[in-house]
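Engineer: File name start-v7.txt; file contents compact mmCIF, C-alpha atoms and all ligand atoms; full text below.
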# COMPACT_ATOMS: atom_id res chain seq x y z
CA MET A 133 101.64 71.72 142.84
CA LYS A 134 103.45 72.94 145.95
CA LEU A 135 102.27 75.42 148.60
CA GLN A 136 104.72 78.00 149.93
CA LEU A 137 104.04 80.01 153.07
CA ALA A 138 105.46 83.55 152.82
CA LEU A 139 106.49 85.09 156.13
CA ASP A 140 106.95 88.83 155.74
CA LEU A 141 105.78 90.70 158.82
CA VAL A 142 107.30 88.67 161.66
CA ASN A 143 110.50 88.38 163.66
CA ILE A 144 112.35 85.07 164.07
CA PRO A 145 110.43 83.75 167.14
CA GLU A 146 107.10 84.71 165.53
CA ALA A 147 108.17 83.00 162.28
CA ILE A 148 108.97 79.78 164.14
CA ALA A 149 105.62 79.92 165.94
CA VAL A 150 103.68 80.32 162.67
CA VAL A 151 105.54 77.47 160.96
CA GLU A 152 104.90 75.22 163.97
CA GLU A 153 101.16 75.81 163.43
CA VAL A 154 101.06 75.11 159.69
CA GLN A 155 104.03 72.85 158.94
CA SER A 156 101.88 69.82 158.07
CA TYR A 157 100.18 71.70 155.23
CA ILE A 158 103.05 73.50 153.49
CA ASP A 159 105.99 72.43 151.34
CA ILE A 160 108.19 75.53 151.44
CA VAL A 161 108.69 78.33 153.99
CA GLU A 162 109.62 81.72 152.57
CA ILE A 163 111.69 84.08 154.64
CA GLY A 164 110.28 87.25 153.11
CA THR A 165 112.26 90.29 152.05
CA PRO A 166 111.15 92.41 155.04
CA VAL A 167 112.28 89.64 157.43
CA VAL A 168 115.70 89.43 155.75
CA ILE A 169 116.00 93.23 155.98
CA ASN A 170 115.10 93.19 159.68
CA GLU A 171 116.79 90.00 160.83
CA GLY A 172 119.38 89.16 158.17
CA LEU A 173 120.13 85.66 156.90
CA HIS A 174 120.02 84.48 160.53
CA ALA A 175 116.28 84.12 159.94
CA VAL A 176 116.90 81.61 157.13
CA LYS A 177 119.27 79.59 159.33
CA ALA A 178 116.87 79.67 162.29
CA ILE A 179 113.98 78.29 160.23
CA LYS A 180 116.10 75.67 158.46
CA ASP A 181 117.52 74.51 161.81
CA ALA A 182 114.04 74.34 163.36
CA PHE A 183 112.33 72.65 160.37
CA PRO A 184 114.96 70.67 158.45
CA SER A 185 112.37 68.68 156.49
CA LEU A 186 110.82 71.82 154.94
CA GLN A 187 112.39 73.63 152.02
CA VAL A 188 113.33 77.22 152.88
CA LEU A 189 113.21 80.03 150.32
CA ALA A 190 115.19 83.21 150.95
CA ASP A 191 113.36 86.07 149.23
CA LEU A 192 116.44 88.21 148.65
CA LYS A 193 115.09 89.68 145.36
CA ILE A 194 118.70 89.80 144.12
CA MET A 195 119.43 92.61 141.64
CA ASP A 196 123.25 92.47 141.51
CA ALA A 197 126.16 90.33 142.75
CA GLY A 198 124.11 87.23 141.99
CA ALA A 199 126.79 84.64 142.71
CA TYR A 200 127.93 86.21 146.00
CA GLU A 201 124.44 86.68 147.41
CA VAL A 202 123.40 83.16 146.42
CA LEU A 203 126.56 81.85 148.13
CA LYS A 204 125.67 83.65 151.38
CA ALA A 205 122.04 82.48 151.31
CA SER A 206 123.19 78.92 150.56
CA GLU A 207 125.58 79.01 153.52
CA ALA A 208 122.65 80.10 155.70
CA GLY A 209 120.69 77.01 154.62
CA ALA A 210 118.37 78.36 151.94
CA ASP A 211 117.15 75.77 149.42
CA ILE A 212 115.72 78.32 146.98
CA ILE A 213 116.86 81.93 146.47
CA THR A 214 115.05 84.67 144.56
CA VAL A 215 116.52 86.92 141.86
CA LEU A 216 114.61 89.68 140.07
CA GLY A 217 113.75 89.14 136.40
CA ALA A 218 114.38 92.86 135.82
CA THR A 219 118.10 92.48 136.40
CA ASP A 220 120.79 91.78 133.83
CA ASP A 221 121.20 88.27 132.42
CA SER A 222 124.75 88.16 133.84
CA THR A 223 123.37 88.43 137.38
CA ILE A 224 120.87 85.64 136.78
CA LYS A 225 123.56 83.43 135.16
CA GLY A 226 125.90 84.03 138.11
CA ALA A 227 123.12 83.15 140.53
CA VAL A 228 122.25 79.94 138.66
CA GLU A 229 125.90 78.82 138.42
CA GLU A 230 126.47 79.41 142.13
CA ALA A 231 123.22 77.68 143.07
CA ARG A 232 124.24 74.60 141.05
CA LYS A 233 127.52 74.36 143.02
CA HIS A 234 125.55 74.04 146.26
CA GLY A 235 122.58 72.01 145.05
CA LYS A 236 120.24 75.00 145.44
CA GLN A 237 117.51 76.42 143.23
CA ILE A 238 116.81 79.87 141.77
CA LEU A 239 113.35 81.43 141.56
CA VAL A 240 113.15 84.47 139.30
CA ASP A 241 110.56 87.01 140.44
CA MET A 242 108.96 88.80 137.48
CA ILE A 243 107.51 91.60 139.63
CA ASN A 244 106.90 94.76 137.61
CA ILE A 245 108.15 93.28 134.30
CA ARG A 246 106.40 95.05 131.40
CA ASN A 247 107.43 92.78 128.48
CA LEU A 248 106.50 89.64 130.38
CA GLU A 249 106.22 87.20 127.47
CA GLN A 250 109.61 88.11 125.99
CA ARG A 251 111.41 88.33 129.33
CA ALA A 252 109.95 85.00 130.50
CA ARG A 253 111.35 83.32 127.36
CA GLU A 254 114.78 84.91 127.98
CA VAL A 255 114.86 83.99 131.67
CA ASP A 256 113.71 80.46 130.90
CA ALA A 257 116.68 80.03 128.56
CA LEU A 258 119.07 80.91 131.41
CA GLY A 259 118.30 77.63 133.18
CA VAL A 260 116.49 78.97 136.24
CA ASP A 261 114.35 76.62 138.33
CA TYR A 262 111.20 78.73 138.80
CA ILE A 263 109.71 81.74 137.05
CA CYS A 264 107.23 83.54 139.30
CA VAL A 265 104.63 86.17 138.45
CA HIS A 266 104.08 88.49 141.39
CA THR A 267 101.85 91.39 142.27
CA GLY A 268 103.57 93.17 145.16
CA TYR A 269 101.88 94.73 148.16
CA ASP A 270 101.74 98.19 146.62
CA LEU A 271 99.91 97.08 143.46
CA GLN A 272 97.70 94.68 145.45
CA ALA A 273 96.49 97.79 147.28
CA ALA A 274 95.42 99.17 143.87
CA GLY A 275 93.35 96.01 143.27
CA GLU A 276 95.73 94.20 140.90
CA ASN A 277 96.62 90.50 140.74
CA SER A 278 98.81 88.24 138.57
CA PHE A 279 96.26 85.70 137.36
CA GLU A 280 96.46 86.75 133.69
CA GLN A 281 100.27 86.97 133.92
CA LEU A 282 100.32 83.35 135.09
CA ARG A 283 98.52 82.30 131.91
CA VAL A 284 101.10 84.27 129.87
CA ILE A 285 104.14 82.56 131.40
CA LYS A 286 102.44 79.15 131.29
CA SER A 287 102.14 79.59 127.52
CA VAL A 288 105.82 80.44 126.88
CA VAL A 289 107.95 78.85 129.61
CA LYS A 290 109.32 75.48 128.48
CA GLN A 291 111.99 74.50 131.00
CA ALA A 292 111.39 76.23 134.34
CA LYS A 293 108.59 75.55 136.80
CA THR A 294 106.00 78.32 137.13
CA ALA A 295 104.93 80.10 140.31
CA ILE A 296 102.54 82.85 141.40
CA ALA A 297 102.56 85.20 144.39
CA GLY A 298 100.71 88.23 145.59
CA GLY A 299 97.52 88.50 147.57
CA ILE A 300 96.27 84.94 146.99
CA LYS A 301 93.43 84.04 149.37
CA LEU A 302 91.26 80.96 149.90
CA ALA A 303 88.54 82.57 147.75
CA THR A 304 90.90 83.18 144.80
CA LEU A 305 92.92 79.97 145.08
CA PRO A 306 90.58 77.93 142.80
CA GLU A 307 91.22 80.37 139.92
CA VAL A 308 94.96 80.04 140.52
CA ILE A 309 94.81 76.24 140.70
CA ALA A 310 92.88 76.14 137.42
CA ALA A 311 95.90 77.69 135.68
CA SER A 312 98.15 74.88 137.04
CA PRO A 313 101.23 76.65 138.41
CA ASP A 314 103.88 74.38 139.93
CA LEU A 315 104.07 76.57 143.03
CA VAL A 316 101.51 78.77 144.81
CA ILE A 317 102.92 81.34 147.24
CA VAL A 318 100.63 82.59 150.00
CA GLY A 319 101.44 85.07 152.76
CA GLY A 320 98.59 87.09 154.23
CA GLY A 321 96.05 84.53 152.95
CA ILE A 322 97.33 82.27 155.74
CA THR A 323 99.05 84.54 158.27
CA GLY A 324 96.09 86.94 158.36
CA HIS A 325 93.78 84.24 159.73
CA ALA A 326 93.15 83.74 163.44
CA ASN A 327 93.30 79.98 162.75
CA LYS A 328 96.31 79.73 160.45
CA ALA A 329 96.41 75.93 160.48
CA GLU A 330 92.79 75.76 159.30
CA ALA A 331 93.46 78.23 156.46
CA ALA A 332 96.57 76.34 155.36
CA ALA A 333 94.78 72.98 155.63
CA GLN A 334 91.93 74.19 153.42
CA MET A 335 94.41 75.47 150.84
CA LYS A 336 96.33 72.20 150.89
CA GLN A 337 93.04 70.30 150.43
CA LEU A 338 92.05 72.43 147.42
CA ILE A 339 95.46 71.85 145.84
CA ALA A 340 95.33 68.10 146.50
CA ALA A 341 91.83 67.85 144.98
CA ARG A 342 92.68 69.55 141.69
O1 LIG B 1 107.19 88.84 148.15
C1 LIG B 1 106.33 89.34 148.83
C2 LIG B 1 106.22 90.82 148.97
O2 LIG B 1 106.96 91.44 147.95
C3 LIG B 1 106.79 91.30 150.30
O3 LIG B 1 108.13 90.92 150.43
C4 LIG B 1 105.32 88.47 149.53
O4 LIG B 1 105.99 87.43 150.19
C5 LIG B 1 104.33 87.89 148.54
O5 LIG B 1 103.64 88.94 147.94
C6 LIG B 1 103.34 86.91 149.18
O6 LIG B 1 102.66 87.54 150.23
P1 LIG B 1 101.09 87.88 150.14
O7 LIG B 1 100.94 88.89 149.04
O8 LIG B 1 100.76 88.41 151.50
O9 LIG B 1 100.37 86.60 149.82
Translate the structure described by the file into structure tokens.

Structural biologist:
Amino acid sequence: MKLQLALDLVNIPEAIAVVEEVQSYIDIVEIGTPVVINEGLHAVKAIKDAFPSLQVLADLKIMDAGAYEVLKASEAGADIITVLGATDDSTIKGAVEEARKHGKQILVDMINIRNLEQRAREVDALGVDYICVHTGYDLQAAGENSFEQLRVIKSVVKQAKTAIAGGIKLATLPEVIAASPDLVIVGGGITGHANKAEAAAQMKQLIAAR
């Protein structure tokens, strides 16, 4: 089980500073959608250049032009690129084909998918690398999480790895770990702490002890 740090509310120098603090405890650094909107794919390149041994995920949440956007993220140094499960199969197929050409991986974000079980089966058949359940900021504010959704995709996904994101904290991590996702994505649960290294270290320890 891998731990991914999601960086959403920082600029490039702040992102580098946070990763410097926690790099020993994480496997993947996510350049979050708000960072890509503010800084562009330069943020992906800056983090990959600064931390070549970490995998970098570009959270583009691709909805169209899958192949082209995966190409651009790959050129910037992303190892994993996100596509939305809500989009058309042709976009996901284009993204997967392009990713394969560059040795990259595709994570499909199932945020706001209503027919989760059926869509997870369909997306799994498209050869993606990860299928991720995700409660976004706006629904987190309404008290929701994706723990039950994780159990749903775990029961139907055969080929892809499974992932979960959205509001995961140290206190809720044991429940997540019990469901055995391949990847746990944590943003504010680490970046919101005064001592980010300590928070990340405790999470890494819980994952290692499972
Ligand atoms: O993908 C995310 C969100 O949609 C903003 O772009 C976050 O990276 C993801 O939710 C993880 O962050 P936390 O919810 O703060 O753990």

Engineer: From the set A:Ile224, A:Ile158, A:Val168, A:Leu186, which residue has the shortest atom-to-atom contact distance to ligand LIG 1 (chain B), counting only C-alpha atoms and all ligand atoms?

Structural biologist: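 Closest residue, counting only C-alpha atoms and all ligand atoms: A:Val168.
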
Engineer: Name the closest residue to Leu315 in chain A among the candidates A:Ile148, A:Asp270, A:Ala197, A:Asp159; distances are taken between atoms, counting all atoms listed in the file.

Structural biologist: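 Of A:Ile148, A:Asp270, A:Ala197, A:Asp159, the one nearest Leu315 in chain A, counting all atoms listed in the file, is A:Asp159.
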
Engineer: May I ask you to write as a PyMOL selection string all residues lying at most 9 Å from ligand LIG 1 (chain B), with all atoms listed in the file counted?

Structural biologist: chain A and resi 137-141+162-167+191-193+241+243+266-270+272+296-301+317-324

Engineer: Which residues come within 12 Å of Ala149 in chain A, counting only C-alpha atoms, excluding same-chain residues fewer than 4 positions away, as a ChimeraX atom specification?

Structural biologist: /A:139,142-145,153-155,178-179,182-183,323,328-329

Engineer: With distances taken over only C-alpha atoms, which of A:Val150, A:Ser206, A:Arg232, A:Thr223 is nearest to Ala326 in chain A?

Structural biologist: A:Val150

Engineer: Measuring atom to atom with only C-alpha atoms, identify which of A:Lys336, A:Lys204, A:Lys290, A:Lys177 is nearest to Glu254 in chain A.

Structural biologist: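 Selected residue with least distance to Glu254 in chain A: A:Lys290.
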
Engineer: Might you pull out every residue within 7 Å of Met242 in chain A, with only C-alpha atoms counted and same-chain residues fewer than 3 positions away left off, and present them as an mmCIF file with C-alpha atoms, keeping the file's coordinate frame?

Structural biologist:
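Below is the file result-v4.cif, written as the result:
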data_model
loop_
_atom_site.group_PDB
_atom_site.id
_atom_site.type_symbol
_atom_site.label_atom_id
_atom_site.label_comp_id
_atom_site.auth_asym_id
_atom_site.auth_seq_id
_atom_site.Cartn_x
_atom_site.Cartn_y
_atom_site.Cartn_z
ATOM 1 C CA LEU A 216 114.610 89.680 140.070
ATOM 2 C CA GLY A 217 113.750 89.140 136.400
ATOM 3 C CA ALA A 218 114.380 92.860 135.820
ATOM 4 C CA ILE A 245 108.150 93.280 134.300
ATOM 5 C CA CYS A 264 107.230 83.540 139.300
ATOM 6 C CA VAL A 265 104.630 86.170 138.450
ATOM 7 C CA HIS A 266 104.080 88.490 141.390
#

Engineer: In Å, rounded to a single decimal, give me how far CA of Ile339 in chain A is from CA of Ala303 in chain A.

Structural biologist: 12.9 Å

Engineer: Mind giving me the straight-line distance from CA of Gln334 in chain A to CA of Ile212 in chain A in Å, one decimal?

Structural biologist: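 If I compute the distance from CA of Gln334 in chain A to CA of Ile212 in chain A, I get 25.0 Å.
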
Engineer: Using all atoms listed in the file, which of A:Asp196, A:Asp220, A:Asp261, A:Glu307 sits nearest Val240 in chain A?

Structural biologist: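 The answer is A:Asp261, which sits nearest to Val240 in chain A.
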
Engineer: With distances taken over all atoms listed in the file, which residue among A:Val288, A:Lys225, A:Pro184, A:Val176 lies nearest Ala208 in chain A?

Structural biologist: A:Val176

Engineer: Please compute the CA of Ala310 in chain A-CA of Arg342 in chain A distance, one decimal, in Å.

Structural biologist: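 The value is 7.9 Å.
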
Engineer: Which centre and which edge lengths, in Å to one decimal, describe the axis-aligned box that holds all listed atoms of range 295-302 of chain A after 3 Å is added on each side, as AutoDock Vina command-line options?

Structural biologist:
--center_x 98.1 --center_y 84.3 --center_z 145.1 --size_x 19.7 --size_y 14.4 --size_z 15.6

Engineer: For Ile194 in chain A, find every residue with an atom within 8 Å (counting all atoms listed in the file), except residues of its own chain fewer than 5 positions away, and show them as a ChimeraX atom specification.

Structural biologist: /A:201,214-216

Engineer: Find the residues around Ala292 in chain A up to 12 Å (only C-alpha atoms counted), leave out those fewer than 6 positions away in its own chain, and share them as a CSV table (one decimal) with C-alpha atoms, in the frame of the given file.

Structural biologist:
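Listing of part_22.csv after writing:
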chain,number,residue,atom,x,y,z
A,237,GLN,CA,117.5,76.4,143.2
A,238,ILE,CA,116.8,79.9,141.8
A,239,LEU,CA,113.4,81.4,141.6
A,240,VAL,CA,113.2,84.5,139.3
A,252,ALA,CA,110.0,85.0,130.5
A,253,ARG,CA,111.4,83.3,127.4
A,254,GLU,CA,114.8,84.9,128.0
A,255,VAL,CA,114.9,84.0,131.7
A,256,ASP,CA,113.7,80.5,130.9
A,257,ALA,CA,116.7,80.0,128.6
A,258,LEU,CA,119.1,80.9,131.4
A,259,GLY,CA,118.3,77.6,133.2
A,260,VAL,CA,116.5,79.0,136.2
A,261,ASP,CA,114.4,76.6,138.3
A,262,TYR,CA,111.2,78.7,138.8
A,263,ILE,CA,109.7,81.7,137.0
A,264,CYS,CA,107.2,83.5,139.3
A,285,ILE,CA,104.1,82.6,131.4
A,286,LYS,CA,102.4,79.2,131.3
A,313,PRO,CA,101.2,76.6,138.4
A,314,ASP,CA,103.9,74.4,139.9
A,315,LEU,CA,104.1,76.6,143.0

Engineer: Quick one: residues within 9 Å of Met335 in chain A, only C-alpha atoms counted, chain neighbours fewer than 2 positions away excluded, as a count of residues only?

Structural biologist: 14

Engineer: Starting from the incomplete input, reconstruct all heavy atoms of range 307-318 of chain A and report them as a short mmCIF file (atom, residue, chain, number, x, y, z; two decimals), in the coordinates of the input.

Structural biologist:
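After the write, rebuild.cif holds the following:
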data_model
loop_
_atom_site.label_atom_id
_atom_site.label_comp_id
_atom_site.auth_asym_id
_atom_site.auth_seq_id
_atom_site.Cartn_x
_atom_site.Cartn_y
_atom_site.Cartn_z
N GLU A 307 90.86 79.79 141.22
CA GLU A 307 91.22 80.37 139.92
C GLU A 307 92.71 80.16 139.63
O GLU A 307 93.11 79.89 138.50
CB GLU A 307 90.89 81.87 139.90
CG GLU A 307 91.09 82.49 138.54
CD GLU A 307 90.73 83.97 138.47
OE1 GLU A 307 90.13 84.50 139.43
OE2 GLU A 307 91.08 84.58 137.45
N VAL A 308 93.51 80.27 140.68
CA VAL A 308 94.96 80.04 140.52
C VAL A 308 95.22 78.58 140.18
O VAL A 308 95.97 78.27 139.24
CB VAL A 308 95.70 80.43 141.83
CG1 VAL A 308 97.15 79.99 141.79
CG2 VAL A 308 95.60 81.93 142.06
N ILE A 309 94.60 77.68 140.91
CA ILE A 309 94.81 76.24 140.70
C ILE A 309 94.41 75.85 139.28
O ILE A 309 95.08 75.04 138.64
CB ILE A 309 94.03 75.42 141.74
CG1 ILE A 309 94.64 75.62 143.14
CG2 ILE A 309 94.00 73.94 141.38
CD1 ILE A 309 93.81 75.03 144.28
N ALA A 310 93.35 76.47 138.77
CA ALA A 310 92.88 76.14 137.42
C ALA A 310 93.93 76.43 136.36
O ALA A 310 93.96 75.79 135.31
CB ALA A 310 91.61 76.93 137.12
N ALA A 311 94.84 77.37 136.65
CA ALA A 311 95.90 77.69 135.68
C ALA A 311 97.13 76.80 135.86
O ALA A 311 98.11 76.95 135.13
CB ALA A 311 96.28 79.16 135.81
N SER A 312 97.10 75.91 136.84
CA SER A 312 98.15 74.88 137.04
C SER A 312 99.58 75.39 137.21
O SER A 312 100.49 74.91 136.52
CB SER A 312 98.15 73.88 135.88
OG SER A 312 97.00 73.11 135.92
N PRO A 313 99.83 76.33 138.12
CA PRO A 313 101.23 76.65 138.41
C PRO A 313 101.87 75.48 139.16
O PRO A 313 101.15 74.67 139.74
CB PRO A 313 101.12 77.89 139.32
CG PRO A 313 99.83 77.69 140.04
CD PRO A 313 98.91 77.01 139.04
N ASP A 314 103.20 75.42 139.15
CA ASP A 314 103.88 74.38 139.93
C ASP A 314 103.97 74.77 141.40
O ASP A 314 104.12 73.91 142.26
CB ASP A 314 105.30 74.16 139.38
CG ASP A 314 105.25 73.68 137.94
OD1 ASP A 314 104.84 72.52 137.74
OD2 ASP A 314 105.59 74.45 137.02
N LEU A 315 103.90 76.07 141.67
CA LEU A 315 104.07 76.57 143.03
C LEU A 315 103.13 77.74 143.28
O LEU A 315 103.08 78.68 142.48
CB LEU A 315 105.53 77.03 143.22
CG LEU A 315 105.91 77.71 144.52
CD1 LEU A 315 105.70 76.77 145.71
CD2 LEU A 315 107.36 78.19 144.47
N VAL A 316 102.39 77.67 144.39
CA VAL A 316 101.51 78.77 144.81
C VAL A 316 102.10 79.35 146.10
O VAL A 316 102.35 78.62 147.06
CB VAL A 316 100.08 78.26 145.09
CG1 VAL A 316 99.18 79.42 145.53
CG2 VAL A 316 99.50 77.57 143.87
N ILE A 317 102.30 80.66 146.10
CA ILE A 317 102.92 81.34 147.24
C ILE A 317 101.86 82.17 147.95
O ILE A 317 101.23 83.04 147.34
CB ILE A 317 104.09 82.22 146.77
CG1 ILE A 317 105.14 81.36 146.05
CG2 ILE A 317 104.70 82.97 147.96
CD1 ILE A 317 106.24 82.15 145.34
N VAL A 318 101.67 81.91 149.24
CA VAL A 318 100.63 82.59 150.00
C VAL A 318 101.22 83.15 151.30
O VAL A 318 101.82 82.41 152.08
CB VAL A 318 99.47 81.63 150.36
CG1 VAL A 318 98.38 82.37 151.13
CG2 VAL A 318 98.89 80.98 149.11
#
